Structures are given as C-alpha cells and as structure tokens.
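Dumped protein.cif below, it's mmCIF, C-alpha atoms and all ligand atoms:
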data_final
#
loop_
_atom_site.label_atom_id
_atom_site.label_comp_id
_atom_site.auth_asym_id
_atom_site.auth_seq_id
_atom_site.Cartn_x
_atom_site.Cartn_y
_atom_site.Cartn_z
CA MET A 295 -17.80 77.36 -44.74
CA ASP A 296 -19.90 74.37 -45.85
CA VAL A 297 -18.97 71.90 -43.13
CA VAL A 298 -17.32 72.50 -39.75
CA VAL A 299 -16.18 69.52 -37.66
CA LEU A 300 -15.16 69.83 -34.02
CA GLY A 301 -13.04 67.09 -32.48
CA GLU A 302 -9.74 65.35 -31.97
CA PRO A 303 -7.50 64.13 -34.78
CA LEU A 304 -5.23 61.27 -33.76
CA VAL A 305 -1.95 59.81 -34.89
CA GLU A 306 -2.80 56.23 -35.87
CA PHE A 307 -0.45 53.26 -35.50
CA SER A 308 -2.14 50.31 -37.18
CA THR A 309 -1.30 46.67 -37.68
CA ALA A 310 -3.02 43.62 -39.13
CA ALA A 311 -1.59 41.60 -36.24
CA SER A 312 -2.77 41.67 -32.65
CA LEU A 313 -1.62 44.63 -30.58
CA ASP A 314 0.22 42.46 -28.05
CA ARG A 315 2.35 40.73 -30.72
CA ALA A 316 2.88 43.28 -33.51
CA ASP A 317 6.26 44.97 -33.73
CA LEU A 318 5.72 46.85 -36.98
CA PHE A 319 2.99 49.49 -37.20
CA TYR A 320 1.81 51.57 -40.12
CA LEU A 321 1.71 55.28 -39.33
CA SER A 322 -1.26 57.31 -40.49
CA PHE A 323 -3.74 59.86 -39.16
CA SER A 324 -7.27 59.32 -37.99
CA GLY A 325 -9.72 60.12 -35.21
CA ASP A 326 -13.43 60.37 -35.86
CA ALA A 327 -13.36 64.14 -36.49
CA LEU A 328 -10.42 63.96 -38.92
CA ASN A 329 -11.95 60.99 -40.76
CA ALA A 330 -15.22 62.88 -41.16
CA SER A 331 -13.63 66.17 -42.21
CA VAL A 332 -11.49 64.42 -44.84
CA ALA A 333 -14.63 62.68 -46.17
CA ALA A 334 -16.52 65.99 -46.23
CA ALA A 335 -13.70 67.75 -48.09
CA ALA A 336 -13.60 64.92 -50.64
CA THR A 337 -17.21 65.75 -51.62
CA GLY A 338 -16.05 69.15 -52.91
CA ALA A 339 -17.54 70.98 -49.92
CA SER A 340 -15.38 73.45 -48.02
CA ALA A 341 -14.65 71.66 -44.75
CA ALA A 342 -12.82 72.89 -41.65
CA LEU A 343 -11.61 70.92 -38.65
CA VAL A 344 -11.69 72.89 -35.41
CA THR A 345 -9.19 71.39 -32.99
CA ARG A 346 -5.88 71.65 -31.14
CA VAL A 347 -2.73 69.64 -31.74
CA GLY A 348 0.43 69.45 -29.66
CA ALA A 349 3.71 71.26 -30.34
CA ASP A 350 5.38 67.92 -30.99
CA ALA A 351 6.68 65.78 -33.83
CA PHE A 352 3.20 64.79 -34.97
CA GLY A 353 1.08 67.91 -34.56
CA GLU A 354 2.44 69.64 -37.61
CA ARG A 355 2.33 66.43 -39.67
CA LEU A 356 -1.31 66.02 -38.76
CA VAL A 357 -2.10 69.51 -39.98
CA ARG A 358 -0.21 68.81 -43.23
CA PHE A 359 -2.10 65.55 -43.67
CA ALA A 360 -5.45 67.30 -43.24
CA ALA A 361 -4.45 70.08 -45.64
CA GLY A 362 -3.29 67.47 -48.16
CA HIS A 363 -6.81 66.05 -48.09
CA GLY A 364 -8.38 69.43 -48.77
CA VAL A 365 -9.39 70.25 -45.20
CA ASP A 366 -9.27 73.93 -44.21
CA THR A 367 -6.75 73.88 -41.35
CA ARG A 368 -6.99 77.50 -40.18
CA TRP A 369 -8.70 76.39 -36.97
CA MET A 370 -6.27 73.53 -36.21
CA VAL A 371 -4.18 75.38 -33.66
CA THR A 372 -1.22 74.32 -31.57
CA GLY A 373 -1.82 74.21 -27.84
CA GLU A 374 -0.57 72.76 -24.57
CA GLY A 375 -0.50 68.96 -24.25
CA SER A 376 0.51 66.27 -26.72
CA THR A 377 -1.06 65.34 -30.00
CA GLY A 378 -3.39 62.41 -29.30
CA ALA A 379 -2.58 58.96 -30.68
CA TYR A 380 -4.01 55.47 -30.80
CA ALA A 381 -2.93 52.01 -31.84
CA LEU A 382 -5.29 49.93 -33.95
CA GLY A 383 -5.04 46.19 -34.36
CA ALA A 384 -7.37 45.22 -37.21
CA ASP A 385 -6.81 41.57 -38.08
CA PRO A 386 -8.14 39.82 -41.22
CA THR A 387 -11.00 38.13 -39.30
CA GLY A 388 -12.52 41.57 -38.67
CA SER A 389 -11.77 41.74 -34.96
CA ARG A 390 -10.36 45.07 -33.80
CA ALA A 391 -8.48 46.32 -30.78
CA PHE A 392 -7.89 49.99 -29.88
CA ALA A 393 -5.35 51.42 -27.43
CA TYR A 394 -5.70 55.15 -26.82
CA MET A 395 -2.84 57.48 -25.90
CA ARG A 396 -4.84 60.67 -25.62
CA ALA A 397 -5.49 61.48 -21.95
CA GLY A 398 -4.67 65.18 -21.36
CA SER A 399 -4.01 65.69 -25.08
CA ALA A 400 -3.99 69.13 -26.67
CA ALA A 401 -7.44 68.55 -28.21
CA SER A 402 -8.89 67.43 -24.88
CA ARG A 403 -8.18 70.98 -23.63
CA MET A 404 -10.60 72.55 -26.10
CA ALA A 405 -13.28 74.72 -24.57
CA PRO A 406 -16.22 76.91 -25.69
CA GLY A 407 -13.76 79.68 -26.69
CA ASP A 408 -12.44 77.41 -29.48
CA VAL A 409 -15.97 77.40 -30.90
CA ASP A 410 -16.27 81.18 -30.69
CA ARG A 411 -13.02 81.55 -32.63
CA SER A 412 -14.26 79.18 -35.36
CA PRO A 413 -16.73 79.47 -38.25
CA VAL A 414 -19.39 77.35 -36.48
CA SER A 415 -22.06 80.07 -36.50
CA ALA A 416 -21.71 80.59 -40.27
CA ALA A 417 -21.41 76.93 -41.28
CA GLY A 418 -23.83 75.08 -43.54
CA VAL A 419 -23.49 71.93 -41.42
CA VAL A 420 -21.75 71.46 -38.06
CA LEU A 421 -20.67 67.90 -37.40
CA LEU A 422 -20.35 67.02 -33.71
CA SER A 423 -19.72 63.73 -31.98
CA GLY A 424 -20.03 62.02 -28.64
CA VAL A 425 -16.30 61.21 -28.79
CA THR A 426 -15.49 64.93 -28.68
CA ALA A 427 -17.82 65.53 -25.74
CA ALA A 428 -16.26 62.59 -23.87
CA LEU A 429 -12.69 63.93 -24.04
CA SER A 430 -12.97 66.24 -21.02
CA PRO A 431 -15.47 68.47 -19.20
CA SER A 432 -14.29 71.49 -21.23
CA CYS A 433 -14.80 69.53 -24.49
CA ASP A 434 -18.27 68.57 -23.28
CA GLN A 435 -19.00 72.27 -22.82
CA ALA A 436 -17.53 73.04 -26.24
CA VAL A 437 -19.81 70.51 -27.93
CA ARG A 438 -22.92 71.90 -26.21
CA HIS A 439 -21.88 75.45 -27.05
CA ALA A 440 -21.24 74.50 -30.69
CA ALA A 441 -24.67 72.84 -30.87
CA ALA A 442 -26.40 75.96 -29.55
CA THR A 443 -24.32 78.25 -31.79
CA ALA A 444 -25.00 76.21 -34.92
CA ARG A 445 -28.71 77.08 -34.80
CA GLY A 446 -30.27 73.84 -36.01
CA LYS A 447 -27.55 72.86 -38.49
CA VAL A 448 -26.03 70.10 -36.40
CA VAL A 449 -25.37 66.56 -37.58
CA TYR A 450 -24.69 64.58 -34.40
CA ASP A 451 -22.92 61.22 -34.31
CA PRO A 452 -23.20 59.77 -30.78
CA ASN A 453 -20.16 57.52 -31.49
CA PHE A 454 -20.33 55.89 -28.03
CA ARG A 455 -16.89 54.78 -26.78
CA SER A 456 -16.94 52.86 -23.51
CA ARG A 457 -13.20 53.57 -23.06
CA LEU A 458 -13.95 57.30 -22.90
CA THR A 459 -17.31 57.64 -21.18
CA GLY A 460 -20.26 55.83 -19.65
CA PRO A 461 -23.80 55.45 -21.02
CA GLU A 462 -25.33 57.92 -18.57
CA ALA A 463 -22.87 60.74 -19.28
CA ALA A 464 -23.12 60.10 -23.03
CA ARG A 465 -26.90 60.17 -22.83
CA VAL A 466 -26.87 63.55 -21.06
CA VAL A 467 -24.86 65.06 -23.93
CA LEU A 468 -27.12 63.43 -26.51
CA GLU A 469 -30.21 64.94 -24.86
CA ALA A 470 -28.60 68.39 -24.78
CA VAL A 471 -27.58 68.28 -28.45
CA ALA A 472 -30.68 66.61 -29.95
CA PRO A 473 -32.94 69.72 -29.99
CA HIS A 474 -30.30 71.46 -32.15
CA ALA A 475 -29.85 68.52 -34.51
CA ALA A 476 -30.98 68.59 -38.10
CA LEU A 477 -29.91 64.95 -38.16
CA MET A 478 -28.65 62.35 -35.72
CA VAL A 479 -26.68 59.35 -37.00
CA PRO A 480 -26.62 56.71 -34.25
CA SER A 481 -25.30 53.24 -35.01
CA CYS A 482 -27.35 50.14 -34.26
CA PRO A 483 -25.87 48.09 -32.72
CA GLY A 484 -23.09 50.22 -31.27
CA ASP A 485 -24.68 53.37 -29.93
CA SER A 486 -28.16 51.88 -29.62
CA GLY A 487 -27.79 49.56 -26.61
CA PRO A 488 -25.82 51.86 -24.30
CA LEU A 489 -27.63 55.07 -25.26
CA PHE A 490 -31.18 53.95 -26.07
CA GLY A 491 -31.44 50.64 -24.22
CA THR A 492 -32.53 48.78 -27.35
CA ASP A 493 -31.11 47.34 -30.56
CA ASP A 494 -34.37 47.84 -32.44
CA PRO A 495 -33.57 50.49 -35.08
CA TYR A 496 -37.20 51.69 -35.24
CA GLU A 497 -37.14 52.38 -31.50
CA VAL A 498 -33.81 54.20 -31.84
CA LEU A 499 -35.29 56.31 -34.64
CA ARG A 500 -38.37 57.19 -32.58
CA ALA A 501 -36.19 58.02 -29.56
CA CYS A 502 -34.02 60.45 -31.56
CA LEU A 503 -37.07 62.24 -32.94
CA GLY A 504 -38.64 62.23 -29.47
CA LEU A 505 -35.58 64.06 -28.11
CA GLY A 506 -36.11 66.85 -30.64
CA ALA A 507 -33.86 65.90 -33.59
CA ARG A 508 -35.52 66.83 -36.89
CA ALA A 509 -34.33 63.62 -38.55
CA ALA A 510 -32.33 60.51 -37.77
CA ALA A 511 -30.36 58.09 -39.92
CA VAL A 512 -29.84 54.91 -37.91
CA THR A 513 -26.85 53.10 -39.40
CA MET A 514 -27.06 49.30 -39.33
CA GLY A 515 -23.85 48.19 -41.07
CA ALA A 516 -24.61 45.66 -43.80
CA GLU A 517 -28.34 46.13 -43.12
CA GLY A 518 -28.23 49.69 -44.42
CA VAL A 519 -29.71 52.81 -42.92
CA LEU A 520 -33.13 53.55 -41.46
CA LEU A 521 -33.93 57.18 -42.23
CA GLY A 522 -36.81 58.95 -40.54
CA THR A 523 -37.91 62.56 -40.28
CA GLU A 524 -40.05 64.57 -37.89
CA ASP A 525 -42.96 64.54 -40.37
CA GLY A 526 -43.25 60.77 -39.80
CA SER A 527 -41.74 59.47 -43.05
CA VAL A 528 -39.47 56.43 -42.73
CA LEU A 529 -37.29 54.98 -45.46
CA HIS A 530 -34.91 52.03 -45.52
CA VAL A 531 -31.76 52.81 -47.56
CA PRO A 532 -29.89 49.58 -48.35
CA ALA A 533 -26.16 49.30 -47.74
CA ILE A 534 -23.82 49.00 -50.69
CA PRO A 535 -22.24 45.55 -50.53
CA ALA A 536 -18.47 45.64 -50.08
CA GLU A 537 -16.17 42.80 -51.10
CA SER A 538 -12.62 42.23 -49.80
CA VAL A 539 -13.15 44.24 -46.63
CA VAL A 540 -9.82 45.30 -45.11
CA ASP A 541 -10.96 47.21 -42.02
CA GLN A 542 -14.17 48.84 -40.87
CA THR A 543 -12.48 51.60 -38.86
CA GLY A 544 -13.83 54.99 -39.88
CA ALA A 545 -16.69 53.70 -42.04
CA GLY A 546 -19.22 55.50 -39.84
CA ASP A 547 -17.15 58.70 -40.02
CA ALA A 548 -16.95 58.42 -43.83
CA PHE A 549 -20.74 58.09 -43.82
CA ALA A 550 -21.26 61.14 -41.57
CA GLY A 551 -18.66 63.35 -43.27
CA THR A 552 -19.87 62.53 -46.76
CA LEU A 553 -23.51 63.11 -45.97
CA ALA A 554 -22.61 66.39 -44.25
CA GLY A 555 -20.77 67.50 -47.42
CA TRP A 556 -23.67 66.52 -49.65
CA LEU A 557 -26.24 68.22 -47.40
CA ALA A 558 -24.19 71.41 -47.26
CA ARG A 559 -23.95 71.40 -51.05
CA GLY A 560 -27.74 71.20 -51.42
CA ALA A 561 -28.53 67.48 -51.68
CA ASP A 562 -31.71 66.26 -50.04
CA LEU A 563 -31.54 63.92 -47.07
CA VAL A 564 -32.10 60.74 -49.07
CA GLN A 565 -29.41 61.58 -51.65
CA ALA A 566 -27.01 62.53 -48.87
CA VAL A 567 -27.62 59.27 -47.00
CA ARG A 568 -27.12 57.26 -50.21
CA ALA A 569 -23.84 59.08 -50.85
CA GLY A 570 -22.82 58.34 -47.27
CA THR A 571 -23.49 54.62 -47.66
CA ALA A 572 -21.33 54.58 -50.82
CA ALA A 573 -18.45 56.37 -49.09
CA ALA A 574 -18.71 54.00 -46.12
CA ALA A 575 -18.56 50.97 -48.43
CA ILE A 576 -15.47 52.33 -50.20
CA SER A 577 -13.77 53.14 -46.90
CA LEU A 578 -13.91 49.45 -45.94
CA HIS A 579 -11.20 48.80 -48.56
CA GLY A 580 -8.54 50.74 -46.65
CA ARG A 581 -6.83 50.18 -43.33
CA GLY A 582 -7.47 52.73 -40.59
CA GLY A 583 -9.73 55.75 -40.54
CA THR A 584 -8.43 57.49 -43.65
CA GLY A 585 -6.81 54.63 -45.59
CA ARG A 586 -9.34 54.83 -48.40
CA VAL A 587 -11.32 58.01 -49.05
CA ALA A 588 -14.08 57.87 -51.69
CA THR A 589 -14.02 60.31 -54.58
CA THR A 590 -17.22 61.97 -55.77
CA GLU A 591 -16.96 60.05 -59.06
CA GLU A 592 -16.81 56.74 -57.18
CA ILE A 593 -19.80 57.74 -55.08
CA HIS A 594 -21.83 58.68 -58.15
CA ALA A 595 -20.87 55.42 -59.83
CA LEU A 596 -22.00 53.40 -56.82
CA ILE A 597 -25.30 55.16 -56.30
CA GLY A 598 -26.07 55.05 -60.00
CA GLU A 599 -26.23 58.72 -60.84
CA ALA A 600 -24.33 60.62 -63.51
CA ALA A 601 -21.18 62.23 -62.12
O1 LIG B 1 -12.31 55.97 -31.20
C1 LIG B 1 -11.96 57.12 -31.44
O2 LIG B 1 -12.15 58.05 -30.66
C2 LIG B 1 -11.30 57.45 -32.69
O3 LIG B 1 -11.48 58.55 -33.12
C3 LIG B 1 -10.46 56.41 -33.38
C4 LIG B 1 -11.01 56.01 -34.72
O4 LIG B 1 -10.52 56.84 -35.74
C5 LIG B 1 -12.50 56.02 -34.71
O5 LIG B 1 -12.95 55.18 -33.69
C6 LIG B 1 -13.13 55.58 -35.98
O6 LIG B 1 -14.51 55.88 -35.89
#

In structure tokens, what does this structure look like?
Amino acid sequence: MDVVVLGEPLVEFSTAASLDRADLFYLSFSGDALNASVAAAATGASAALVTRVGADAFGERLVRFAAGHGVDTRWMVTGEGSTGAYALGADPTGSRAFAYMRAGSAASRMAPGDVDRSPVSAAGVVLLSGVTAALSPSCDQAVRHAAATARGKVVYDPNFRSRLTGPEAARVVLEAVAPHAALMVPSCPGDSGPLFGTDDPYEVLRACLGLGARAAAVTMGAEGVLLGTEDGSVLHVPAIPAESVVDQTGAGDAFAGTLAGWLARGADLVQAVRAGTAAAAISLHGRGGTGRVATTEEIHALIGEAA
C-alpha cells in the first residue's frame, strides 16, 4: 500500500448561508482523513483509509463514496456508534462555521488494534493527524501506535481543532509523533499559535525539527509553504494563486494527501510539496472537503511539468 490514512470520515452538510438560518444543506462526505485519502488516491497512488463507520444510513454511503474516489476501503469497517457528521456554513465572504455531531461516533472508538489489523507497517507513507488523536483516548493511543509502527514513514498534520482538544493535549501528541515523522505539515497561522506559541513560520519549522521530525512543510495559505529539512536546508515554495475561491475547507488535507501520494510514488520532497500546493489551490474551487479533487493532469499543468 502506498499511502495509509488513519482517521474519521464525516457526513458533511454544507450551506453557503449561515448555520443558524440555512434550511437547505448539500450532502457530501468529508473529514480530514477522508479528504486526504481521496486526494492521495487521485495521484494514482494506492491509498487506504483505516477507520470505523456506523451501521446506519450513512456508513455504507460513506464507504461507497470513498471507493468511488479510488480509496481502498478494506479497512473501513462497521462498528458500534454512529457515523460522524458535521455541518459546514461557508459563506461567500470566506467566513466558516462548523458544528460537529461526532461525540461517541464509531470512528472515535478506534484503538491500537485497528492499526494492527491494517497495512500501516507495510505502507510507503502513513498520514496521521491531530484530529484523529483528539477524538478519544483510544484514538490517541491508536495514533501513537501507528506512528511507532510506521517506522519513520509518517506524515503528520497537527490540524489543531479547539472544539476537539486543548493546546496542551495536542502538544503532547505532537511531541510523541514527531520523532517518527518523515515530515510534519503544520499550518501557520492555525496550528502555530496554539501548538508552538508563535506565528513565525521559521520558528515553527525549527521547533518541528527540534522535536525530531526529519522535515517540515509549514503551510502559510496564500504565502506558500516553508520547507525545511534536518540537514538545515530551507526553501520557500510559493502558493499557486486561486481565483473565484468557493470554500477553503479541506485545502490543507488536499495538500497533505497529495504530497503523501507523490512521496509514496517516488517524488522528492520539493516536487511533492509543489504538487500539494497545486492540489490545495484547485480544492478551493469546490464546496466542502471533497467538492473539488485535483487530477494529476491538472497538478502537472499548474506546476509546469509535462503530464
Ligand atoms: O474538522 C474536522 O475534524 C474535519 O475533519 C472537518 C473538515 O473536513 C476538516 O476540518 C477540513 O480540514
């Protein structure tokens, strides 16, 4: 397996109106782990999502949705608890509101055994996130176990969510995972303030390397990505400008999933980060986490290489 992602897929109810006024919602499927696994599969890499869904109206649809996007669903199993869901209000000014309906969900009941039953140990890249660790104590354990099992092949997205966890707890997970990380992809701002106490991307980069990650790609939205490696090299990769932005939800996941796919297929770090920035730019044209998934041809066209 090229890429293995561990985390919670969510049913997504989105609207361009505000959540307290909208009465019509668009149904789709999202969640940081699903967004990233769909992006990874779109690169041509084999990509599996390791998770649990509920035995309810949406669990099976979620699995079908993932399969329809080329994700290997053999490790999306049905378990106790409901399929997680969230409502997203993404209005045209760019402001966003989230309402989670995921407490006690099937995926939040994952545990280290889910990792042992998955292809994590044989994966080219294992994509883990702070969202997954924040779902429950057993998910926290699963993330740490996956990091140790993946033997240095981890891409870690801290993805700090104040509705799910606090800075201290998120920082403890980050410190546990960092020594296993081939790459960390913190956002700045976003993850930087709560987790690193600074919005200076160079300081965030140094902090990630100081914790034992072999490389870090600090994502800065329209300012691009600051990429640094343990040998001391630092490179600024510009963002790809996006016009007519519909919604930024999932852009970071498109970045992480795409770069994981490219890395697993043999690209070097700089190529993979460039591909990730292209996928993130394209994702801004769709509503929700999976509304617009970049094709490899589109990525090549944007980064100026022959497809
Ligand atoms: O916030 C989360 O936990 C989600 O997974 C919902 C969205 O899909 C996610 O925030 C996009 O990154």

Could I get the residues of segment 516-587 of chain A with an atom no further than 12 Å from an atom of segment 449-454 of chain A, each paired with its nearest atom pair and that distance in Å to one decimal, using all atoms listed in the file, sorted by chain and residue number, as CSV?
residue,atom,partner,partner_atom,distance
A:Gly544,CA,A:Asn453,CA,10.8
A:Ala545,CA,A:Asn453,CA,11.7
A:Gly546,CA,A:Asn453,CA,8.6
A:Asp547,CA,A:Asp451,CA,8.5
A:Ala548,CA,A:Asp451,CA,11.6
A:Phe549,CA,A:Asp451,CA,10.2
A:Ala550,CA,A:Asp451,CA,7.4
A:Gly551,CA,A:Val449,CA,9.4
A:Thr552,CA,A:Val449,CA,11.4
A:Leu553,CA,A:Val449,CA,9.3
A:Ala554,CA,A:Val449,CA,7.2
A:Gly555,CA,A:Val449,CA,10.9
A:Leu557,CA,A:Val449,CA,10.0
A:Ala558,CA,A:Val449,CA,10.9
A:Leu563,CA,A:Val449,CA,11.6

Please report as JSON lines every residue of chain A lying within 9 Å of ligand LIG 1 (chain B), along with the nearest atom pair and their distance in Å (one decimal), using all atoms listed in the file.
{"residue": "A:Gly301", "atom": "CA", "partner": "B:LIG1", "partner_atom": "O3", "distance": 8.7}
{"residue": "A:Glu302", "atom": "CA", "partner": "B:LIG1", "partner_atom": "O3", "distance": 7.1}
{"residue": "A:Pro303", "atom": "CA", "partner": "B:LIG1", "partner_atom": "O3", "distance": 7.1}
{"residue": "A:Leu304", "atom": "CA", "partner": "B:LIG1", "partner_atom": "O3", "distance": 6.8}
{"residue": "A:Glu306", "atom": "CA", "partner": "B:LIG1", "partner_atom": "O4", "distance": 7.7}
{"residue": "A:Phe323", "atom": "CA", "partner": "B:LIG1", "partner_atom": "O4", "distance": 8.2}
{"residue": "A:Ser324", "atom": "CA", "partner": "B:LIG1", "partner_atom": "O4", "distance": 4.7}
{"residue": "A:Gly325", "atom": "CA", "partner": "B:LIG1", "partner_atom": "O3", "distance": 3.2}
{"residue": "A:Asp326", "atom": "CA", "partner": "B:LIG1", "partner_atom": "O3", "distance": 3.8}
{"residue": "A:Ala327", "atom": "CA", "partner": "B:LIG1", "partner_atom": "O3", "distance": 6.8}
{"residue": "A:Leu328", "atom": "CA", "partner": "B:LIG1", "partner_atom": "O4", "distance": 7.8}
{"residue": "A:Asn329", "atom": "CA", "partner": "B:LIG1", "partner_atom": "O4", "distance": 6.7}
{"residue": "A:Ala330", "atom": "CA", "partner": "B:LIG1", "partner_atom": "O6", "distance": 8.8}
{"residue": "A:Ala379", "atom": "CA", "partner": "B:LIG1", "partner_atom": "C3", "distance": 8.7}
{"residue": "A:Tyr380", "atom": "CA", "partner": "B:LIG1", "partner_atom": "C3", "distance": 7.0}
{"residue": "A:Ala381", "atom": "CA", "partner": "B:LIG1", "partner_atom": "C3", "distance": 8.9}
{"residue": "A:Leu382", "atom": "CA", "partner": "B:LIG1", "partner_atom": "C3", "distance": 8.3}
{"residue": "A:Phe392", "atom": "CA", "partner": "B:LIG1", "partner_atom": "O1", "distance": 7.6}
{"residue": "A:Tyr394", "atom": "CA", "partner": "B:LIG1", "partner_atom": "O1", "distance": 8.0}
{"residue": "A:Val425", "atom": "CA", "partner": "B:LIG1", "partner_atom": "O2", "distance": 5.5}
{"residue": "A:Thr426", "atom": "CA", "partner": "B:LIG1", "partner_atom": "O2", "distance": 7.9}
{"residue": "A:Leu429", "atom": "CA", "partner": "B:LIG1", "partner_atom": "O2", "distance": 8.9}
{"residue": "A:Asn453", "atom": "CA", "partner": "B:LIG1", "partner_atom": "O6", "distance": 7.3}
{"residue": "A:Phe454", "atom": "CA", "partner": "B:LIG1", "partner_atom": "O1", "distance": 8.6}
{"residue": "A:Arg455", "atom": "CA", "partner": "B:LIG1", "partner_atom": "O1", "distance": 6.5}
{"residue": "A:Arg457", "atom": "CA", "partner": "B:LIG1", "partner_atom": "O1", "distance": 8.5}
{"residue": "A:Leu458", "atom": "CA", "partner": "B:LIG1", "partner_atom": "O2", "distance": 8.0}
{"residue": "A:Gln542", "atom": "CA", "partner": "B:LIG1", "partner_atom": "C6", "distance": 8.4}
{"residue": "A:Thr543", "atom": "CA", "partner": "B:LIG1", "partner_atom": "C6", "distance": 5.0}
{"residue": "A:Gly544", "atom": "CA", "partner": "B:LIG1", "partner_atom": "C6", "distance": 4.0}
{"residue": "A:Ala545", "atom": "CA", "partner": "B:LIG1", "partner_atom": "O6", "distance": 6.9}
{"residue": "A:Gly546", "atom": "CA", "partner": "B:LIG1", "partner_atom": "O6", "distance": 6.2}
{"residue": "A:Asp547", "atom": "CA", "partner": "B:LIG1", "partner_atom": "O6", "distance": 5.7}
{"residue": "A:Ala548", "atom": "CA", "partner": "B:LIG1", "partner_atom": "O6", "distance": 8.7}
{"residue": "A:Gly582", "atom": "CA", "partner": "B:LIG1", "partner_atom": "O4", "distance": 7.1}
{"residue": "A:Gly583", "atom": "CA", "partner": "B:LIG1", "partner_atom": "O4", "distance": 5.0}
{"residue": "A:Thr584", "atom": "CA", "partner": "B:LIG1", "partner_atom": "O4", "distance": 8.2}

Set up a box along x, y and z of the file covering all listed atoms of segment 503-522 of chain A, add 4 Å on every one of the six sides, and write the centre and edge lengths in Å to one decimal, as JSON.
{"center_x": -31.2, "center_y": 56.3, "center_z": -36.3, "size_x": 22.8, "size_y": 29.2, "size_z": 24.3}

Got a sec: who's within 12 Å of Ala316 of chain A, counting all atoms listed in the file, leaving out chain neighbours fewer than 5 positions off, as an MDAnalysis selection string?
chainID A and resid 307:311 381:385

Closest-contact table, segment 435-527 of chain A side, partner segment 340-357 of chain A, 12 Å, counting all atoms listed in the file, as CSV:
residue,atom,partner,partner_atom,distance
A:Ala436,CA,A:Thr345,CA,10.9
A:Val437,CA,A:Val344,CA,11.3
A:Ala440,CA,A:Val344,CA,10.8

Would you please work out which residue, of A:Ser376, A:Ser577, A:Ser415, A:Ser389, is nearest to Arg403 of chain A when using only C-alpha atoms?
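Smallest distance to Arg403 of chain A is found for A:Ser376.
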
Coordinates-based distance that separates atom CA of Arg358 of chain A from atom CA of Gly373 of chain A (Å, one decimal)
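So the two atoms, atom CA of Gly373 of chain A and atom CA of Arg358 of chain A, lie 16.4 Å apart.
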
Find the residues near Thr443 of chain A: any atom within 9 Å, counting only C-alpha atoms, skip ones fewer than 3 places away on the same chain, and give them as JSON, numbers by chain.
{"A": [409, 410, 414, 415, 438, 439, 440, 446]}

Which value, in Å to one decimal, gives the distance between atom CA of Glu537 of chain A and atom CA of Pro480 of chain A?
24.2 Å

Atom CA of Thr590 of chain A to atom CA of Thr571 of chain A: how many Å, to one decimal?
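Those two atoms sit 12.6 Å apart.
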
Compare A:Asp296, A:Glu591, A:Asp366, A:Asp434 by their minimum atom-to-atom distance to Gly418 of chain A, counting only C-alpha atoms, and give me the closest one.
A:Asp296

Find the residues near Ala572 of chain A: any atom within 12 Å, counting all atoms listed in the file, skip ones fewer than 5 places away on the same chain, and give them as a PyMOL selection string.
chain A and resi 333+337+515-516+518-519+531-536+545-546+548-553+565-567+577-579+587-599

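For the choices A:Gly375, A:Gly570, A:Pro461, A:Gly424, the atom-to-atom distance to Thr513 of chain A is smallest for A:Gly570 when using only C-alpha atoms.
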
Output file request: segment 330-342 of chain A, with N, CA, C and O atoms, as a compact mmCIF listing (two decimals), in the first residue's frame.
# COMPACT_ATOMS: atom_id res chain seq x y z
N ALA A 330 -8.02 13.69 2.76
CA ALA A 330 -6.63 13.40 2.41
C ALA A 330 -6.51 12.08 1.66
O ALA A 330 -5.71 11.97 0.72
N SER A 331 -7.31 11.08 2.03
CA SER A 331 -7.17 9.80 1.34
C SER A 331 -7.69 9.89 -0.10
O SER A 331 -7.12 9.30 -1.02
N VAL A 332 -8.75 10.67 -0.29
CA VAL A 332 -9.26 10.90 -1.65
C VAL A 332 -8.20 11.62 -2.50
O VAL A 332 -7.95 11.28 -3.66
N ALA A 333 -7.56 12.63 -1.91
CA ALA A 333 -6.51 13.36 -2.63
C ALA A 333 -5.33 12.44 -2.96
O ALA A 333 -4.77 12.49 -4.06
N ALA A 334 -4.97 11.57 -2.01
CA ALA A 334 -3.85 10.65 -2.25
C ALA A 334 -4.20 9.67 -3.38
O ALA A 334 -3.38 9.42 -4.27
N ALA A 335 -5.43 9.14 -3.35
CA ALA A 335 -5.83 8.19 -4.39
C ALA A 335 -5.85 8.87 -5.77
O ALA A 335 -5.52 8.24 -6.79
N ALA A 336 -6.20 10.14 -5.80
CA ALA A 336 -6.27 10.86 -7.08
C ALA A 336 -4.89 11.04 -7.71
O ALA A 336 -4.78 11.33 -8.90
N THR A 337 -3.82 10.85 -6.93
CA THR A 337 -2.47 10.96 -7.50
C THR A 337 -2.06 9.69 -8.25
O THR A 337 -0.99 9.64 -8.85
N GLY A 338 -2.89 8.64 -8.14
CA GLY A 338 -2.53 7.37 -8.77
C GLY A 338 -1.89 6.41 -7.77
O GLY A 338 -1.61 5.25 -8.09
N ALA A 339 -1.64 6.90 -6.55
CA ALA A 339 -1.09 6.02 -5.51
C ALA A 339 -2.20 5.09 -5.00
O ALA A 339 -3.37 5.45 -5.06
N SER A 340 -1.82 3.92 -4.49
CA SER A 340 -2.82 3.11 -3.78
C SER A 340 -2.96 3.75 -2.40
O SER A 340 -1.97 4.06 -1.74
N ALA A 341 -4.21 3.98 -2.00
CA ALA A 341 -4.44 4.71 -0.75
C ALA A 341 -5.57 4.05 0.02
O ALA A 341 -6.65 3.83 -0.53
N ALA A 342 -5.32 3.74 1.28
CA ALA A 342 -6.34 3.11 2.13
C ALA A 342 -6.70 4.04 3.28
O ALA A 342 -5.84 4.74 3.81
